[in-house]
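Source file entry-v1.cif; content: mmCIF, C-alpha atoms.
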data_model
#
loop_
_atom_site.label_atom_id
_atom_site.label_comp_id
_atom_site.auth_asym_id
_atom_site.auth_seq_id
_atom_site.Cartn_x
_atom_site.Cartn_y
_atom_site.Cartn_z
CA MET T 115 -6.67 37.46 -22.31
CA PRO T 116 -5.00 40.70 -21.28
CA SER T 117 -4.39 43.06 -24.21
CA GLU T 118 -0.60 42.85 -23.85
CA GLU T 119 -0.70 39.05 -24.10
CA ALA T 120 -3.11 39.24 -27.04
CA ALA T 121 -0.77 41.62 -28.88
CA GLU T 122 2.19 39.28 -28.25
CA TRP T 123 0.18 36.28 -29.44
CA LEU T 124 -0.89 38.02 -32.64
CA GLU T 125 2.69 39.15 -33.25
CA MET T 126 3.89 35.57 -32.76
CA LEU T 127 1.34 34.46 -35.40
CA GLY T 128 2.53 37.17 -37.78
CA VAL T 129 -0.79 39.01 -37.68
CA GLU T 130 -0.81 42.79 -37.60
CA ALA T 131 -3.57 44.14 -35.39
CA GLY T 132 -5.20 46.85 -37.45
CA GLU T 133 -8.57 48.53 -37.52
CA GLY T 134 -11.10 46.60 -35.45
CA GLY T 135 -8.56 45.14 -33.03
CA GLY T 136 -6.98 41.75 -32.65
CA LEU T 137 -9.97 39.55 -33.43
CA ALA T 138 -10.76 41.39 -36.66
CA ALA T 139 -7.09 41.17 -37.68
CA LEU T 140 -7.04 37.45 -36.95
CA ILE T 141 -10.19 36.90 -39.03
CA ARG T 142 -8.74 38.89 -41.96
CA ALA T 143 -5.48 36.93 -41.77
CA THR T 144 -7.36 33.63 -41.64
CA TYR T 145 -9.50 34.53 -44.68
CA LYS T 146 -6.34 35.55 -46.56
CA THR T 147 -4.49 32.37 -45.62
CA LEU T 148 -7.43 30.17 -46.64
CA GLY T 149 -8.09 32.12 -49.85
CA LEU T 150 -11.57 33.21 -48.81
CA GLN T 151 -13.60 36.35 -49.37
CA THR T 152 -17.07 37.67 -48.67
CA TYR T 153 -19.90 38.89 -50.86
CA PHE T 154 -23.32 40.15 -49.80
CA THR T 155 -26.94 39.70 -50.77
CA THR T 156 -29.51 42.18 -49.58
CA GLY T 157 -33.24 42.68 -49.72
CA GLU T 158 -36.03 44.38 -47.84
CA LYS T 159 -36.03 41.81 -45.03
CA GLU T 160 -32.36 40.92 -44.58
CA THR T 161 -28.77 41.34 -45.63
CA ARG T 162 -26.47 38.33 -45.59
CA ALA T 163 -22.75 37.80 -45.96
CA TRP T 164 -21.59 34.72 -47.86
CA THR T 165 -18.11 33.24 -47.67
CA ILE T 166 -16.63 31.95 -50.93
CA LYS T 167 -13.23 30.99 -52.31
CA LYS T 168 -11.33 33.76 -54.11
CA GLY T 169 -11.59 33.37 -57.87
CA MET T 170 -15.13 31.99 -57.91
CA THR T 171 -17.34 33.03 -60.80
CA ALA T 172 -20.76 34.59 -60.25
CA PRO T 173 -22.61 31.30 -60.92
CA GLN T 174 -20.35 29.44 -58.46
CA ALA T 175 -20.99 32.12 -55.82
CA ALA T 176 -24.73 31.84 -56.48
CA GLY T 177 -24.44 28.08 -55.93
CA VAL T 178 -23.25 28.70 -52.38
CA ILE T 179 -26.76 29.98 -51.65
CA HIS T 180 -28.57 27.19 -53.52
CA THR T 181 -27.56 24.80 -56.29
CA ASP T 182 -30.59 25.91 -58.36
CA PHE T 183 -29.12 29.43 -58.45
CA GLU T 184 -25.96 28.08 -60.09
CA ARG T 185 -27.76 25.70 -62.45
CA GLY T 186 -30.21 28.33 -63.74
CA PHE T 187 -27.87 31.36 -63.55
CA ILE T 188 -28.72 34.15 -66.00
CA ARG T 189 -26.82 37.15 -64.63
CA ALA T 190 -25.78 38.90 -61.43
CA GLU T 191 -26.75 42.49 -60.71
CA THR T 192 -23.62 43.68 -58.93
CA ILE T 193 -22.62 46.75 -56.94
CA ALA T 194 -19.16 47.25 -55.43
CA PHE T 195 -19.39 47.56 -51.64
CA ASP T 196 -17.90 51.08 -51.61
CA ASP T 197 -20.47 52.25 -54.19
CA TYR T 198 -23.28 50.61 -52.21
CA MET T 199 -22.28 52.55 -49.10
CA LYS T 200 -21.52 55.79 -50.96
CA HIS T 201 -24.97 55.85 -52.58
CA ASN T 202 -26.93 54.70 -49.51
CA GLY T 203 -27.91 51.26 -50.73
CA TYR T 204 -29.19 49.40 -53.75
CA ASN T 205 -31.62 52.02 -55.10
CA GLY T 206 -29.17 54.89 -54.70
CA ALA T 207 -26.39 52.93 -56.39
CA LYS T 208 -28.73 51.96 -59.22
CA GLU T 209 -29.80 55.60 -59.74
CA ALA T 210 -26.14 56.68 -59.72
CA GLY T 211 -25.28 54.13 -62.42
CA ALA T 212 -23.13 51.97 -60.13
CA LEU T 213 -25.20 48.82 -60.73
CA ARG T 214 -23.59 46.44 -63.23
CA SER T 215 -25.03 43.40 -64.97
CA GLU T 216 -22.41 40.63 -64.87
CA GLY T 217 -22.45 37.35 -66.75
CA LYS T 218 -21.25 33.79 -66.19
CA GLU T 219 -17.54 34.63 -66.49
CA TYR T 220 -17.52 37.40 -63.87
CA ILE T 221 -15.07 36.79 -61.01
CA VAL T 222 -16.70 37.91 -57.76
CA GLN T 223 -14.76 40.60 -55.91
CA GLU T 224 -14.40 41.10 -52.16
CA GLY T 225 -17.47 42.90 -50.81
CA ASP T 226 -19.61 42.76 -53.95
CA VAL T 227 -23.31 43.23 -53.28
CA MET T 228 -25.14 40.86 -55.61
CA LEU T 229 -28.64 40.03 -56.77
CA PHE T 230 -28.79 36.83 -58.80
CA ARG T 231 -31.18 36.39 -61.71
CA PHE T 232 -31.87 32.75 -62.48
CA ASN T 233 -34.42 30.47 -64.09
CA VAL T 234 -34.85 26.80 -63.31
#

Could you spell out this file's structure in structure tokens?
Amino acid sequence: MPSEEAAEWLEMLGVEAGEGGGLAALIRATYKTLGLQTYFTTGEKETRAWTIKKGMTAPQAAGVIHTDFERGFIRAETIAFDDYMKHNGYNGAKEAGALRSEGKEYIVQEGDVMLFRFNV
């Protein structure tokens, strides 16, 4: 689709094309409309993004990965995304004191980087 048509289409949908262009704006608007957000898990081998409903607790978010994670939830080691990037990853954020230990009542925030501790 030509960029002029794409801009008109997004405008018709009420979506403001911001950083990342039209597709990124449409995705952000869709997540907002559906009440969704993203959190991350990361390790030595891979980093994954998980889509959850806004307002989910840490155990509920863990259950998106596997029901055993929710059932045996102990705590979530959590780093805000901005802190994760600012301190060059998990170890840097931990050394800088940006790593938090969150319990069962914690409401997951957009972009949280999480490591779940559980026992089944």

Exercise. Write out as a ChimeraX atom specification which residues come within 12 Å of Glu219 of chain T when counting all atoms listed in the file, dropping same-chain ones fewer than 4 positions away.
Key: /T:169-175,187-190,215

Self-check item: Using all atoms listed in the file: which of T:Glu191, T:Glu119, T:Glu125, T:Asp182 has the shortest distance to Thr155 of chain T
Solution: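 Looking at the shortest contact to Thr155 of chain T, the residue is T:Glu191.
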
Self-check item: Hits from the PyMOL selection byres ((chain T and resi 207-213) around 6), listed as number ranges by chain
Solution: T: 192-193, 198, 201, 204-206, 214

Exercise. Counting all atoms listed in the file, find the residues whose atoms lie at most 9 Å from (-23.8, 35.6, -48.6) (file coordinates) and write them out as a PyMOL selection string.
Key: chain T and resi 152-156+161-166+175-176+178-179+227-228

Quiz item: What does the distance between atom CA of Lys168 of chain T and atom CA of Tyr220 of chain T come to in Å, to one decimal place?
Solution: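 If I compute the distance from atom CA of Lys168 of chain T to atom CA of Tyr220 of chain T, I get 12.1 Å.
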
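Reported to one decimal place, the separation of atom CA of Phe183 of chain T from atom CA of Asn233 of chain T is 7.8 Å.
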
Exercise. Kindly resolve the PyMOL selection byres ((chain T and resi 195) around 6) on the present coordinates and return the residues as a ChimeraX atom specification.
Key: /T:194,196-198,225-226

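When atom CA of Val222 of chain T is paired with atom CA of Gln151 of chain T, their separation reads 9.1 Å.
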
Quiz prompt | Using all atoms listed in the file: which of T:Met126, T:Lys167, T:Phe230, T:Glu184 has the shortest distance to Tyr145 of chain T | solution =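 Selected residue with least distance to Tyr145 of chain T: T:Lys167.
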